[in-house]
file model.cif (mmCIF, C-alpha atoms and all ligand atoms)
data_structure
loop_
_atom_site.group_PDB
_atom_site.id
_atom_site.type_symbol
_atom_site.label_atom_id
_atom_site.label_comp_id
_atom_site.auth_asym_id
_atom_site.auth_seq_id
_atom_site.Cartn_x
_atom_site.Cartn_y
_atom_site.Cartn_z
ATOM 1 C CA MET T 19 -18.748 29.818 -34.287
ATOM 2 C CA GLY T 20 -18.450 26.174 -33.372
ATOM 3 C CA LYS T 21 -21.003 23.648 -34.455
ATOM 4 C CA GLU T 22 -22.912 26.038 -36.690
ATOM 5 C CA LYS T 23 -19.812 27.149 -38.512
ATOM 6 C CA LEU T 24 -18.913 23.511 -39.210
ATOM 7 C CA ASN T 25 -22.459 22.688 -40.328
ATOM 8 C CA ALA T 26 -22.497 25.697 -42.660
ATOM 9 C CA ALA T 27 -19.165 24.735 -44.239
ATOM 10 C CA PHE T 28 -20.349 21.175 -44.961
ATOM 11 C CA LEU T 29 -23.695 22.391 -46.261
ATOM 12 C CA LYS T 30 -21.993 24.743 -48.699
ATOM 13 C CA VAL T 31 -19.894 21.885 -50.087
ATOM 14 C CA LYS T 32 -22.940 19.650 -50.436
ATOM 15 C CA GLU T 33 -24.976 22.318 -52.203
ATOM 16 C CA ARG T 34 -22.196 22.725 -54.766
ATOM 17 C CA GLY T 35 -22.314 18.964 -55.390
ATOM 18 C CA ASP T 36 -18.811 18.496 -53.990
ATOM 19 C CA LYS T 37 -17.358 16.362 -51.201
ATOM 20 C CA ALA T 38 -15.661 17.682 -48.086
ATOM 21 C CA PHE T 39 -11.875 17.688 -47.879
ATOM 22 C CA VAL T 40 -10.293 18.103 -44.454
ATOM 23 C CA PRO T 41 -6.489 18.339 -44.449
ATOM 24 C CA TYR T 42 -4.690 17.596 -41.205
ATOM 25 C CA ILE T 43 -1.569 19.602 -40.415
ATOM 26 C CA MET T 44 0.731 19.581 -37.407
ATOM 27 C CA ALA T 45 0.745 22.982 -35.726
ATOM 28 C CA GLY T 46 4.277 24.385 -35.635
ATOM 29 C CA ASP T 47 5.780 22.024 -38.214
ATOM 30 C CA GLY T 48 7.809 24.643 -40.077
ATOM 31 C CA GLY T 49 7.585 26.972 -37.068
ATOM 32 C CA LEU T 50 4.524 28.568 -35.525
ATOM 33 C CA ASP T 51 5.029 31.697 -37.607
ATOM 34 C CA ALA T 52 4.243 29.619 -40.719
ATOM 35 C CA LEU T 53 0.844 28.551 -39.370
ATOM 36 C CA GLU T 54 -1.166 31.527 -40.592
ATOM 37 C CA GLU T 55 0.214 31.192 -44.113
ATOM 38 C CA GLN T 56 -0.447 27.436 -44.127
ATOM 39 C CA LEU T 57 -4.072 27.920 -43.064
ATOM 40 C CA VAL T 58 -4.666 30.629 -45.657
ATOM 41 C CA PHE T 59 -3.103 28.428 -48.355
ATOM 42 C CA LEU T 60 -5.371 25.480 -47.469
ATOM 43 C CA GLU T 61 -8.445 27.714 -47.388
ATOM 44 C CA ASP T 62 -7.582 29.165 -50.827
ATOM 45 C CA ALA T 63 -6.866 25.678 -52.195
ATOM 46 C CA GLY T 64 -10.469 24.690 -51.387
ATOM 47 C CA ALA T 65 -10.235 22.795 -48.097
ATOM 48 C CA THR T 66 -13.547 22.619 -46.205
ATOM 49 C CA VAL T 67 -12.195 22.550 -42.634
ATOM 50 C CA VAL T 68 -8.633 22.224 -41.283
ATOM 51 C CA GLU T 69 -7.759 19.648 -38.639
ATOM 52 C CA LEU T 70 -4.890 21.085 -36.635
ATOM 53 C CA GLY T 71 -2.769 18.664 -34.610
ATOM 54 C CA ILE T 72 -1.080 19.529 -31.349
ATOM 55 C CA ALA T 73 2.287 17.807 -30.896
ATOM 56 C CA PHE T 74 2.332 15.425 -27.956
ATOM 57 C CA SER T 75 5.057 13.304 -26.390
ATOM 58 C CA ASP T 76 3.010 10.096 -26.445
ATOM 59 C CA PRO T 77 0.995 10.120 -29.697
ATOM 60 C CA VAL T 78 -0.493 6.605 -29.519
ATOM 61 C CA ALA T 79 -2.694 6.878 -32.633
ATOM 62 C CA ASP T 80 -0.053 8.425 -34.869
ATOM 63 C CA GLY T 81 2.072 6.676 -37.482
ATOM 64 C CA PRO T 82 5.651 7.644 -38.408
ATOM 65 C CA THR T 83 4.939 10.664 -40.671
ATOM 66 C CA ILE T 84 2.861 12.456 -38.048
ATOM 67 C CA GLN T 85 5.173 11.435 -35.216
ATOM 68 C CA GLU T 86 8.091 13.003 -37.078
ATOM 69 C CA ALA T 87 6.113 16.167 -37.734
ATOM 70 C CA GLY T 88 5.295 16.231 -34.017
ATOM 71 C CA LEU T 89 8.969 15.964 -33.139
ATOM 72 C CA ARG T 90 9.762 18.853 -35.497
ATOM 73 C CA ALA T 91 7.013 20.947 -33.884
ATOM 74 C CA LEU T 92 8.216 20.118 -30.367
ATOM 75 C CA ALA T 93 11.761 21.021 -31.418
ATOM 76 C CA ASN T 94 10.330 24.394 -32.489
ATOM 77 C CA GLY T 95 9.057 24.831 -28.929
ATOM 78 C CA VAL T 96 5.376 24.465 -29.825
ATOM 79 C CA SER T 97 2.852 23.949 -27.029
ATOM 80 C CA LEU T 98 -0.937 23.870 -26.845
ATOM 81 C CA ARG T 99 -0.885 27.291 -25.210
ATOM 82 C CA ALA T 100 1.356 28.777 -27.910
ATOM 83 C CA VAL T 101 -0.848 27.362 -30.701
ATOM 84 C CA LEU T 102 -4.026 28.780 -29.160
ATOM 85 C CA GLU T 103 -2.334 32.149 -28.705
ATOM 86 C CA LYS T 104 -1.197 32.174 -32.347
ATOM 87 C CA LEU T 105 -4.674 31.209 -33.563
ATOM 88 C CA LYS T 106 -6.173 34.033 -31.523
ATOM 89 C CA GLN T 107 -3.753 36.612 -32.922
ATOM 90 C CA THR T 108 -4.398 35.525 -36.522
ATOM 91 C CA LYS T 109 -8.136 34.880 -36.255
ATOM 92 C CA SER T 110 -9.164 37.661 -38.624
ATOM 93 C CA SER T 111 -6.993 36.356 -41.483
ATOM 94 C CA ARG T 112 -9.081 33.213 -42.066
ATOM 95 C CA HIS T 113 -12.668 32.048 -42.499
ATOM 96 C CA ILE T 114 -12.098 28.306 -42.638
ATOM 97 C CA PRO T 115 -13.361 26.330 -39.608
ATOM 98 C CA ILE T 116 -10.649 24.867 -37.387
ATOM 99 C CA VAL T 117 -10.838 21.524 -35.587
ATOM 100 C CA LEU T 118 -8.114 20.927 -33.042
ATOM 101 C CA MET T 119 -6.756 17.383 -32.563
ATOM 102 C CA THR T 120 -5.188 16.872 -29.183
ATOM 103 C CA TYR T 121 -4.775 13.977 -26.807
ATOM 104 C CA VAL T 122 -6.524 14.306 -23.471
ATOM 105 C CA ASN T 123 -3.462 14.887 -21.283
ATOM 106 C CA PRO T 124 -2.575 18.395 -22.513
ATOM 107 C CA ILE T 125 -6.233 19.396 -21.990
ATOM 108 C CA TYR T 126 -6.065 18.307 -18.358
ATOM 109 C CA ALA T 127 -2.749 20.012 -17.847
ATOM 110 C CA TYR T 128 -4.316 23.224 -19.197
ATOM 111 C CA GLY T 129 -7.490 22.852 -17.138
ATOM 112 C CA VAL T 130 -10.679 21.854 -18.983
ATOM 113 C CA ALA T 131 -12.625 25.092 -18.456
ATOM 114 C CA ASP T 132 -9.674 27.365 -19.272
ATOM 115 C CA PHE T 133 -8.913 25.261 -22.326
ATOM 116 C CA ALA T 134 -12.484 25.460 -23.647
ATOM 117 C CA LYS T 135 -12.510 29.232 -23.192
ATOM 118 C CA ALA T 136 -9.109 29.614 -24.864
ATOM 119 C CA CYS T 137 -10.401 27.548 -27.814
ATOM 120 C CA GLU T 138 -13.392 29.837 -28.201
ATOM 121 C CA ASP T 139 -11.185 32.935 -28.009
ATOM 122 C CA ALA T 140 -8.866 31.413 -30.618
ATOM 123 C CA GLY T 141 -11.741 30.712 -33.030
ATOM 124 C CA VAL T 142 -11.515 26.934 -32.697
ATOM 125 C CA ASP T 143 -14.773 25.309 -33.845
ATOM 126 C CA GLY T 144 -14.326 21.663 -32.974
ATOM 127 C CA LEU T 145 -12.194 19.173 -31.165
ATOM 128 C CA ILE T 146 -10.982 15.617 -31.748
ATOM 129 C CA ILE T 147 -9.646 13.811 -28.675
ATOM 130 C CA PRO T 148 -8.531 10.402 -29.970
ATOM 131 C CA ASP T 149 -7.725 8.843 -26.588
ATOM 132 C CA MET T 150 -10.991 9.841 -24.940
ATOM 133 C CA PRO T 151 -13.591 7.022 -24.983
ATOM 134 C CA LEU T 152 -17.333 7.790 -24.905
ATOM 135 C CA GLU T 153 -17.459 6.641 -21.283
ATOM 136 C CA GLU T 154 -15.062 9.398 -20.198
ATOM 137 C CA GLU T 155 -16.239 12.323 -22.257
ATOM 138 C CA GLY T 156 -18.487 13.671 -19.496
ATOM 139 C CA LEU T 157 -15.267 15.154 -18.154
ATOM 140 C CA VAL T 158 -15.251 17.749 -20.957
ATOM 141 C CA THR T 159 -18.692 17.900 -22.578
ATOM 142 C CA ARG T 160 -20.173 20.615 -20.343
ATOM 143 C CA GLU T 161 -17.269 22.995 -20.798
ATOM 144 C CA LEU T 162 -17.186 22.417 -24.551
ATOM 145 C CA LYS T 163 -20.896 23.096 -24.802
ATOM 146 C CA ASP T 164 -20.565 26.285 -22.752
ATOM 147 C CA HIS T 165 -18.008 27.575 -25.244
ATOM 148 C CA ASP T 166 -19.676 26.197 -28.369
ATOM 149 C CA ILE T 167 -16.918 23.770 -29.352
ATOM 150 C CA ALA T 168 -18.134 20.703 -31.292
ATOM 151 C CA LEU T 169 -16.840 17.328 -30.087
ATOM 152 C CA ILE T 170 -16.135 15.121 -33.084
ATOM 153 C CA ARG T 171 -16.326 11.416 -32.303
ATOM 154 C CA LEU T 172 -14.464 8.625 -34.059
ATOM 155 C CA ALA T 173 -15.959 5.327 -35.171
ATOM 156 C CA ALA T 174 -13.662 2.342 -35.626
ATOM 157 C CA LEU T 175 -14.020 -0.587 -38.031
ATOM 158 C CA THR T 176 -14.109 -2.756 -34.939
ATOM 159 C CA SER T 177 -16.912 -0.796 -33.182
ATOM 160 C CA THR T 178 -20.026 -2.902 -32.474
ATOM 161 C CA ASP T 179 -23.386 -1.915 -33.989
ATOM 162 C CA ASP T 180 -24.627 -0.587 -30.662
ATOM 163 C CA ARG T 181 -21.550 1.490 -30.174
ATOM 164 C CA ILE T 182 -21.758 2.877 -33.714
ATOM 165 C CA THR T 183 -25.348 3.936 -33.079
ATOM 166 C CA GLU T 184 -24.288 5.720 -29.904
ATOM 167 C CA ILE T 185 -21.331 7.432 -31.596
ATOM 168 C CA ALA T 186 -23.458 8.470 -34.591
ATOM 169 C CA ASN T 187 -26.082 9.967 -32.270
ATOM 170 C CA ARG T 188 -23.627 11.866 -30.134
ATOM 171 C CA THR T 189 -21.113 13.223 -32.599
ATOM 172 C CA GLU T 190 -21.132 16.926 -33.476
ATOM 173 C CA GLY T 191 -19.828 18.655 -36.620
ATOM 174 C CA PHE T 192 -19.047 15.405 -38.373
ATOM 175 C CA LEU T 193 -18.410 11.733 -37.731
ATOM 176 C CA TYR T 194 -14.823 10.631 -38.213
ATOM 177 C CA ALA T 195 -14.933 7.149 -39.751
ATOM 178 C CA VAL T 196 -11.549 5.541 -39.153
ATOM 179 C CA THR T 197 -10.888 3.354 -42.194
ATOM 180 C CA VAL T 198 -8.194 1.070 -40.800
ATOM 181 C CA THR T 199 -7.301 -0.882 -37.702
ATOM 182 C CA GLY T 200 -4.001 0.699 -36.717
ATOM 183 C CA THR T 201 -2.283 4.057 -36.665
ATOM 184 C CA THR T 202 -2.355 7.009 -39.075
ATOM 185 C CA GLY T 203 -0.258 6.879 -42.238
ATOM 186 C CA ALA T 204 -0.409 6.445 -46.000
ATOM 187 C CA ARG T 205 -1.486 2.992 -47.201
ATOM 188 C CA SER T 206 -2.096 1.489 -50.611
ATOM 189 C CA THR T 207 -5.065 -0.805 -49.890
ATOM 190 C CA PHE T 208 -8.145 -0.689 -47.686
ATOM 191 C CA HIS T 209 -10.272 -3.202 -45.845
ATOM 192 C CA ASP T 210 -12.605 -5.354 -48.019
ATOM 193 C CA ARG T 211 -15.736 -4.314 -46.159
ATOM 194 C CA LEU T 212 -14.870 -0.610 -45.973
ATOM 195 C CA ASN T 213 -17.576 0.548 -48.385
ATOM 196 C CA GLU T 214 -20.199 -1.391 -46.501
ATOM 197 C CA TYR T 215 -19.011 0.135 -43.216
ATOM 198 C CA LEU T 216 -19.145 3.678 -44.643
ATOM 199 C CA ASP T 217 -22.617 3.091 -46.103
ATOM 200 C CA ARG T 218 -23.807 1.842 -42.724
ATOM 201 C CA LEU T 219 -22.412 4.888 -40.907
ATOM 202 C CA SER T 220 -23.880 7.303 -43.464
ATOM 203 C CA LYS T 221 -27.306 5.731 -43.027
ATOM 204 C CA GLN T 222 -27.201 6.136 -39.249
ATOM 205 C CA CYS T 223 -25.654 9.545 -38.928
ATOM 206 C CA GLU T 224 -27.322 12.916 -39.413
ATOM 207 C CA VAL T 225 -24.105 14.915 -39.667
ATOM 208 C CA PRO T 226 -21.564 14.302 -42.462
ATOM 209 C CA VAL T 227 -19.465 11.125 -42.345
ATOM 210 C CA LEU T 228 -15.799 11.676 -43.237
ATOM 211 C CA ALA T 229 -13.368 8.827 -43.875
ATOM 212 C CA GLY T 230 -9.820 9.179 -42.605
ATOM 213 C CA PHE T 231 -6.591 7.203 -42.056
ATOM 214 C CA GLY T 232 -4.582 6.092 -45.049
ATOM 215 C CA VAL T 233 -6.215 8.382 -47.618
ATOM 216 C CA SER T 234 -3.341 9.572 -49.765
ATOM 217 C CA THR T 235 -4.152 9.741 -53.498
ATOM 218 C CA PRO T 236 -6.799 11.439 -55.698
ATOM 219 C CA GLU T 237 -8.132 7.918 -56.488
ATOM 220 C CA HIS T 238 -8.619 7.180 -52.789
ATOM 221 C CA VAL T 239 -10.495 10.469 -52.437
ATOM 222 C CA LYS T 240 -12.739 9.753 -55.426
ATOM 223 C CA ASN T 241 -13.445 6.130 -54.472
ATOM 224 C CA LEU T 242 -14.123 6.693 -50.783
ATOM 225 C CA THR T 243 -16.377 9.695 -51.331
ATOM 226 C CA THR T 244 -18.817 7.569 -53.340
ATOM 227 C CA HIS T 245 -19.686 6.037 -49.926
ATOM 228 C CA CYS T 246 -19.421 9.049 -47.578
ATOM 229 C CA ASP T 247 -19.468 12.853 -47.426
ATOM 230 C CA GLY T 248 -15.755 13.538 -47.482
ATOM 231 C CA VAL T 249 -12.254 12.642 -46.382
ATOM 232 C CA VAL T 250 -9.598 13.613 -43.856
ATOM 233 C CA VAL T 251 -6.043 13.455 -45.194
ATOM 234 C CA GLY T 252 -3.178 13.691 -42.722
ATOM 235 C CA SER T 253 0.163 12.035 -43.393
ATOM 236 C CA ARG T 254 0.190 12.804 -47.127
ATOM 237 C CA ILE T 255 -0.586 16.488 -46.529
ATOM 238 C CA VAL T 256 2.000 16.736 -43.739
ATOM 239 C CA ASP T 257 4.594 15.205 -46.047
ATOM 240 C CA LEU T 258 3.736 17.454 -49.030
ATOM 241 C CA LEU T 259 3.651 20.589 -46.909
ATOM 242 C CA HIS T 260 7.036 19.709 -45.428
ATOM 243 C CA LYS T 261 8.415 19.334 -48.973
ATOM 244 C CA GLY T 262 6.720 22.529 -50.113
ATOM 245 C CA ASP T 263 4.754 20.694 -52.842
ATOM 246 C CA HIS T 264 1.671 22.909 -52.984
ATOM 247 C CA ASP T 265 0.586 21.763 -56.443
ATOM 248 C CA THR T 266 0.084 18.157 -55.354
ATOM 249 C CA ILE T 267 -1.929 19.374 -52.362
ATOM 250 C CA ARG T 268 -4.180 21.378 -54.723
ATOM 251 C CA GLU T 269 -4.588 18.283 -56.893
ATOM 252 C CA LEU T 270 -5.616 16.142 -53.898
ATOM 253 C CA ILE T 271 -8.161 18.708 -52.733
ATOM 254 C CA GLY T 272 -9.387 19.017 -56.329
ATOM 255 C CA ALA T 273 -10.311 15.311 -56.325
ATOM 256 C CA ALA T 274 -13.118 16.101 -53.860
ATOM 257 C CA GLN T 275 -14.456 18.932 -56.024
ATOM 258 C CA ILE T 276 -16.606 16.717 -58.191
ATOM 259 C CA SER T 277 -18.528 19.639 -59.665
ATOM 260 C CA LYS T 278 -15.298 20.971 -61.202
ATOM 261 C CA VAL T 279 -13.923 17.614 -62.385
ATOM 262 C CA ASN T 280 -16.924 16.784 -64.560
HETATM 263 O O1 LIG T 301 -2.428 10.409 -41.589
HETATM 264 P P1 LIG T 301 -3.593 9.786 -42.217
HETATM 265 O O2 LIG T 301 -3.432 8.314 -42.385
HETATM 266 O O3 LIG T 301 -4.025 10.498 -43.460
HETATM 267 O O4 LIG T 301 -4.806 9.901 -41.159
HETATM 268 C C1 LIG T 301 -5.414 11.172 -40.765
HETATM 269 C C2 LIG T 301 -4.861 11.631 -39.516
HETATM 270 O O5 LIG T 301 -3.482 11.789 -39.652
HETATM 271 C C3 LIG T 301 -5.413 12.771 -38.685
HETATM 272 O O6 LIG T 301 -6.777 12.883 -38.744
HETATM 273 C C4 LIG T 301 -4.921 12.452 -37.309
HETATM 274 C C5 LIG T 301 -3.666 12.687 -36.848
HETATM 275 N N1 LIG T 301 -3.518 12.172 -35.613
HETATM 276 C C6 LIG T 301 -4.645 11.543 -35.257
HETATM 277 C C7 LIG T 301 -4.960 10.828 -34.135
HETATM 278 C C8 LIG T 301 -6.201 10.238 -34.049
HETATM 279 C C9 LIG T 301 -7.151 10.438 -35.035
HETATM 280 C C10 LIG T 301 -6.859 11.178 -36.179
HETATM 281 C C11 LIG T 301 -5.597 11.711 -36.298
#
call {"tool": "encode", "arguments": {"input": "model.cif", "output": "structure tokens", "more": "lines below"}}
Ligand SMILES: O=P(O)(O)OC[C@@H](O)[C@@H](O)c1c[nH]c2ccccc12
result
Amino acid sequence: MGKEKLNAAFLKVKERGDKAFVPYIMAGDGGLDALEEQLVFLEDAGATVVELGIAFSDPVADGPTIQEAGLRALANGVSLRAVLEKLKQTKSSRHIPIVLMTYVNPIYAYGVADFAKACEDAGVDGLIIPDMPLEEEGLVTRELKDHDIALIRLAALTSTDDRITEIANRTEGFLYAVTVTGTTGARSTFHDRLNEYLDRLSKQCEVPVLAGFGVSTPEHVKNLTTHCDGVVVGSRIVDLLHKGDHDTIRELIGAAQISKVN
């Protein structure tokens, strides 16, 4: 469970000579009954971990693709409680580690201790809380530790060296290296100094460094992973899943499986 399950998944990928691929999906996009099938598909397609988003009314870090998916999920009546319940019911059908992405408000509304326990019961291994700065995380860290839920921290291109050191020291499971200044969403070009930034993070961080935001093609996956341990792909996966294009998802994941490509 938790941190160890994440560490084991990344280690397995590394030992094969591959890079990690973490697809992000919006829980309940397509209805909550589709979730189990979606998770099993991603596991079979070779994903390392799944990042599962919880729809929220005020998604400040999300670009248009994920916002729309969130609206579809909300229209399907999806809530944090319903997602955790569904994950608990379907726990035995999957092995892939699950990282939940939720803003801080729904966690408070749930109650931090109850939420952490419900995550453990649901087989959730890690958590990303994008609107929770390092200074505030003491509000959840004890409860997460008690229930063995890894807290994945995000580093921004604009983070100072001192802050990066602190984030790299504290993060659990992996370090989420945000590759852009802005919101989520497919992009065609990246920042000039991105490779340098990823190299710097990789040097400082003991757990895997994964690049995310704007990663949307097999070329992006191949290029970025020469400077880090893997990628997170959100908007492109959400879009392809919505269209039912499973082959292109397999192709994207395949770009991280270097041992198979060569
Ligand atoms: O959609 P993109 O550009 O591929 O980026 C990943 C991202 O969607 C996913 O990790 C995510 C969705 N919402 C977030 C909010 C904050 C941080 C990360 C996320």
call {"tool": "residues_near_ligand", "arguments": {"input": "model.cif", "ligand": "ligand LIG 301 (chain T)", "cutoff": "10 Å", "atoms": "all atoms listed in the file", "output": "PDB file with C-alpha atoms, in the coordinates of the input"}}
result
ATOM      1  CA  VAL T  40     -10.293  18.103 -44.454  1.00  0.00           C
ATOM      2  CA  PRO T  41      -6.489  18.339 -44.449  1.00  0.00           C
ATOM      3  CA  TYR T  42      -4.690  17.596 -41.205  1.00  0.00           C
ATOM      4  CA  ILE T  43      -1.569  19.602 -40.415  1.00  0.00           C
ATOM      5  CA  MET T  44       0.731  19.581 -37.407  1.00  0.00           C
ATOM      6  CA  VAL T  68      -8.633  22.224 -41.283  1.00  0.00           C
ATOM      7  CA  GLU T  69      -7.759  19.648 -38.639  1.00  0.00           C
ATOM      8  CA  LEU T  70      -4.890  21.085 -36.635  1.00  0.00           C
ATOM      9  CA  GLY T  71      -2.769  18.664 -34.610  1.00  0.00           C
ATOM     10  CA  ILE T  72      -1.080  19.529 -31.349  1.00  0.00           C
ATOM     11  CA  ALA T  73       2.287  17.807 -30.896  1.00  0.00           C
ATOM     12  CA  PRO T  77       0.995  10.120 -29.697  1.00  0.00           C
ATOM     13  CA  VAL T  78      -0.493   6.605 -29.519  1.00  0.00           C
ATOM     14  CA  ALA T  79      -2.694   6.878 -32.633  1.00  0.00           C
ATOM     15  CA  ASP T  80      -0.053   8.425 -34.869  1.00  0.00           C
ATOM     16  CA  GLY T  81       2.072   6.676 -37.482  1.00  0.00           C
ATOM     17  CA  PRO T  82       5.651   7.644 -38.408  1.00  0.00           C
ATOM     18  CA  THR T  83       4.939  10.664 -40.671  1.00  0.00           C
ATOM     19  CA  ILE T  84       2.861  12.456 -38.048  1.00  0.00           C
ATOM     20  CA  GLN T  85       5.173  11.435 -35.216  1.00  0.00           C
ATOM     21  CA  GLY T  88       5.295  16.231 -34.017  1.00  0.00           C
ATOM     22  CA  LEU T 118      -8.114  20.927 -33.042  1.00  0.00           C
ATOM     23  CA  MET T 119      -6.756  17.383 -32.563  1.00  0.00           C
ATOM     24  CA  THR T 120      -5.188  16.872 -29.183  1.00  0.00           C
ATOM     25  CA  TYR T 121      -4.775  13.977 -26.807  1.00  0.00           C
ATOM     26  CA  ILE T 146     -10.982  15.617 -31.748  1.00  0.00           C
ATOM     27  CA  ILE T 147      -9.646  13.811 -28.675  1.00  0.00           C
ATOM     28  CA  PRO T 148      -8.531  10.402 -29.970  1.00  0.00           C
ATOM     29  CA  ASP T 149      -7.725   8.843 -26.588  1.00  0.00           C
ATOM     30  CA  ARG T 171     -16.326  11.416 -32.303  1.00  0.00           C
ATOM     31  CA  LEU T 172     -14.464   8.625 -34.059  1.00  0.00           C
ATOM     32  CA  TYR T 194     -14.823  10.631 -38.213  1.00  0.00           C
ATOM     33  CA  ALA T 195     -14.933   7.149 -39.751  1.00  0.00           C
ATOM     34  CA  VAL T 196     -11.549   5.541 -39.153  1.00  0.00           C
ATOM     35  CA  THR T 197     -10.888   3.354 -42.194  1.00  0.00           C
ATOM     36  CA  VAL T 198      -8.194   1.070 -40.800  1.00  0.00           C
ATOM     37  CA  GLY T 200      -4.001   0.699 -36.717  1.00  0.00           C
ATOM     38  CA  THR T 201      -2.283   4.057 -36.665  1.00  0.00           C
ATOM     39  CA  THR T 202      -2.355   7.009 -39.075  1.00  0.00           C
ATOM     40  CA  GLY T 203      -0.258   6.879 -42.238  1.00  0.00           C
ATOM     41  CA  ALA T 204      -0.409   6.445 -46.000  1.00  0.00           C
ATOM     42  CA  ARG T 205      -1.486   2.992 -47.201  1.00  0.00           C
ATOM     43  CA  ALA T 229     -13.368   8.827 -43.875  1.00  0.00           C
ATOM     44  CA  GLY T 230      -9.820   9.179 -42.605  1.00  0.00           C
ATOM     45  CA  PHE T 231      -6.591   7.203 -42.056  1.00  0.00           C
ATOM     46  CA  GLY T 232      -4.582   6.092 -45.049  1.00  0.00           C
ATOM     47  CA  VAL T 233      -6.215   8.382 -47.618  1.00  0.00           C
ATOM     48  CA  SER T 234      -3.341   9.572 -49.765  1.00  0.00           C
ATOM     49  CA  VAL T 249     -12.254  12.642 -46.382  1.00  0.00           C
ATOM     50  CA  VAL T 250      -9.598  13.613 -43.856  1.00  0.00           C
ATOM     51  CA  VAL T 251      -6.043  13.455 -45.194  1.00  0.00           C
ATOM     52  CA  GLY T 252      -3.178  13.691 -42.722  1.00  0.00           C
ATOM     53  CA  SER T 253       0.163  12.035 -43.393  1.00  0.00           C
ATOM     54  CA  ARG T 254       0.190  12.804 -47.127  1.00  0.00           C
ATOM     55  CA  ILE T 255      -0.586  16.488 -46.529  1.00  0.00           C
ATOM     56  CA  VAL T 256       2.000  16.736 -43.739  1.00  0.00           C
ATOM     57  CA  ASP T 257       4.594  15.205 -46.047  1.00  0.00           C
TER      58      ASP T 257
END
call {"tool": "closest_residue", "arguments": {"input": "model.cif", "among": "T:Phe28, T:Tyr215, T:Phe192, T:Phe133", "to": "Glu103 in chain T", "atoms": "all atoms listed in the file"}}
result
T:Phe133
call {"tool": "residues_around", "arguments": {"input": "model.cif", "residues": "Ala273 in chain T", "least_positions_apart": "6", "cutoff": "10 Å", "atoms": "only C-alpha atoms", "output": "list in words"}}
result
Asp36, Lys37, Phe39, Thr235, Pro236, Glu237, His238, Val239, Lys240, Asn241, Thr243 and Val279 of chain T
call {"tool": "residues_around", "arguments": {"input": "model.cif", "residues": "Ile114 in chain T", "least_positions_apart": "6", "cutoff": "8 Å", "atoms": "all atoms listed in the file", "output": "count of residues only"}}
result
5
call {"tool": "closest_residue", "arguments": {"input": "model.cif", "among": "T:Ala38, T:Cys137, T:Ala186, T:Leu242", "to": "Lys221 in chain T", "atoms": "all atoms listed in the file"}}
result
T:Ala186
call {"tool": "atom_distance", "arguments": {"input": "model.cif", "atom1": "CA of Leu193 in chain T", "atom2": "CA of Asn25 in chain T"}}
result
12.0 Å
call {"tool": "residues_near_point", "arguments": {"input": "model.cif", "point": "(-19.8, 26.6, -29.8)", "cutoff": "10 Å", "atoms": "all atoms listed in the file", "output": "PyMOL selection string"}}
result
chain T and resi 19-24+134+137-138+141-144+162-169
call {"tool": "atom_distance", "arguments": {"input": "model.cif", "atom1": "CA of His245 in chain T", "atom2": "CA of Gly35 in chain T"}}
result
14.3 Å
call {"tool": "closest_residue", "arguments": {"input": "model.cif", "among": "T:Glu33, T:Glu269, T:Asp76, T:Asp139", "to": "Gly64 in chain T", "atoms": "all atoms listed in the file"}}
result
T:Glu269
call {"tool": "residues_around", "arguments": {"input": "model.cif", "residues": "His264 in chain T", "least_positions_apart": "3", "cutoff": "12 Å", "atoms": "all atoms listed in the file", "output": "number ranges by chain"}}
result
T: 56, 59-60, 62-63, 254-261, 267-271
call {"tool": "atom_distance", "arguments": {"input": "model.cif", "atom1": "CA of Glu154 in chain T", "atom2": "CA of Val122 in chain T"}}
result
10.4 Å
call {"tool": "closest_residue", "arguments": {"input": "model.cif", "among": "T:Glu184, T:Leu175, T:Leu152, T:Thr189", "to": "Asp210 in chain T", "atoms": "all atoms listed in the file"}}
result
T:Leu175
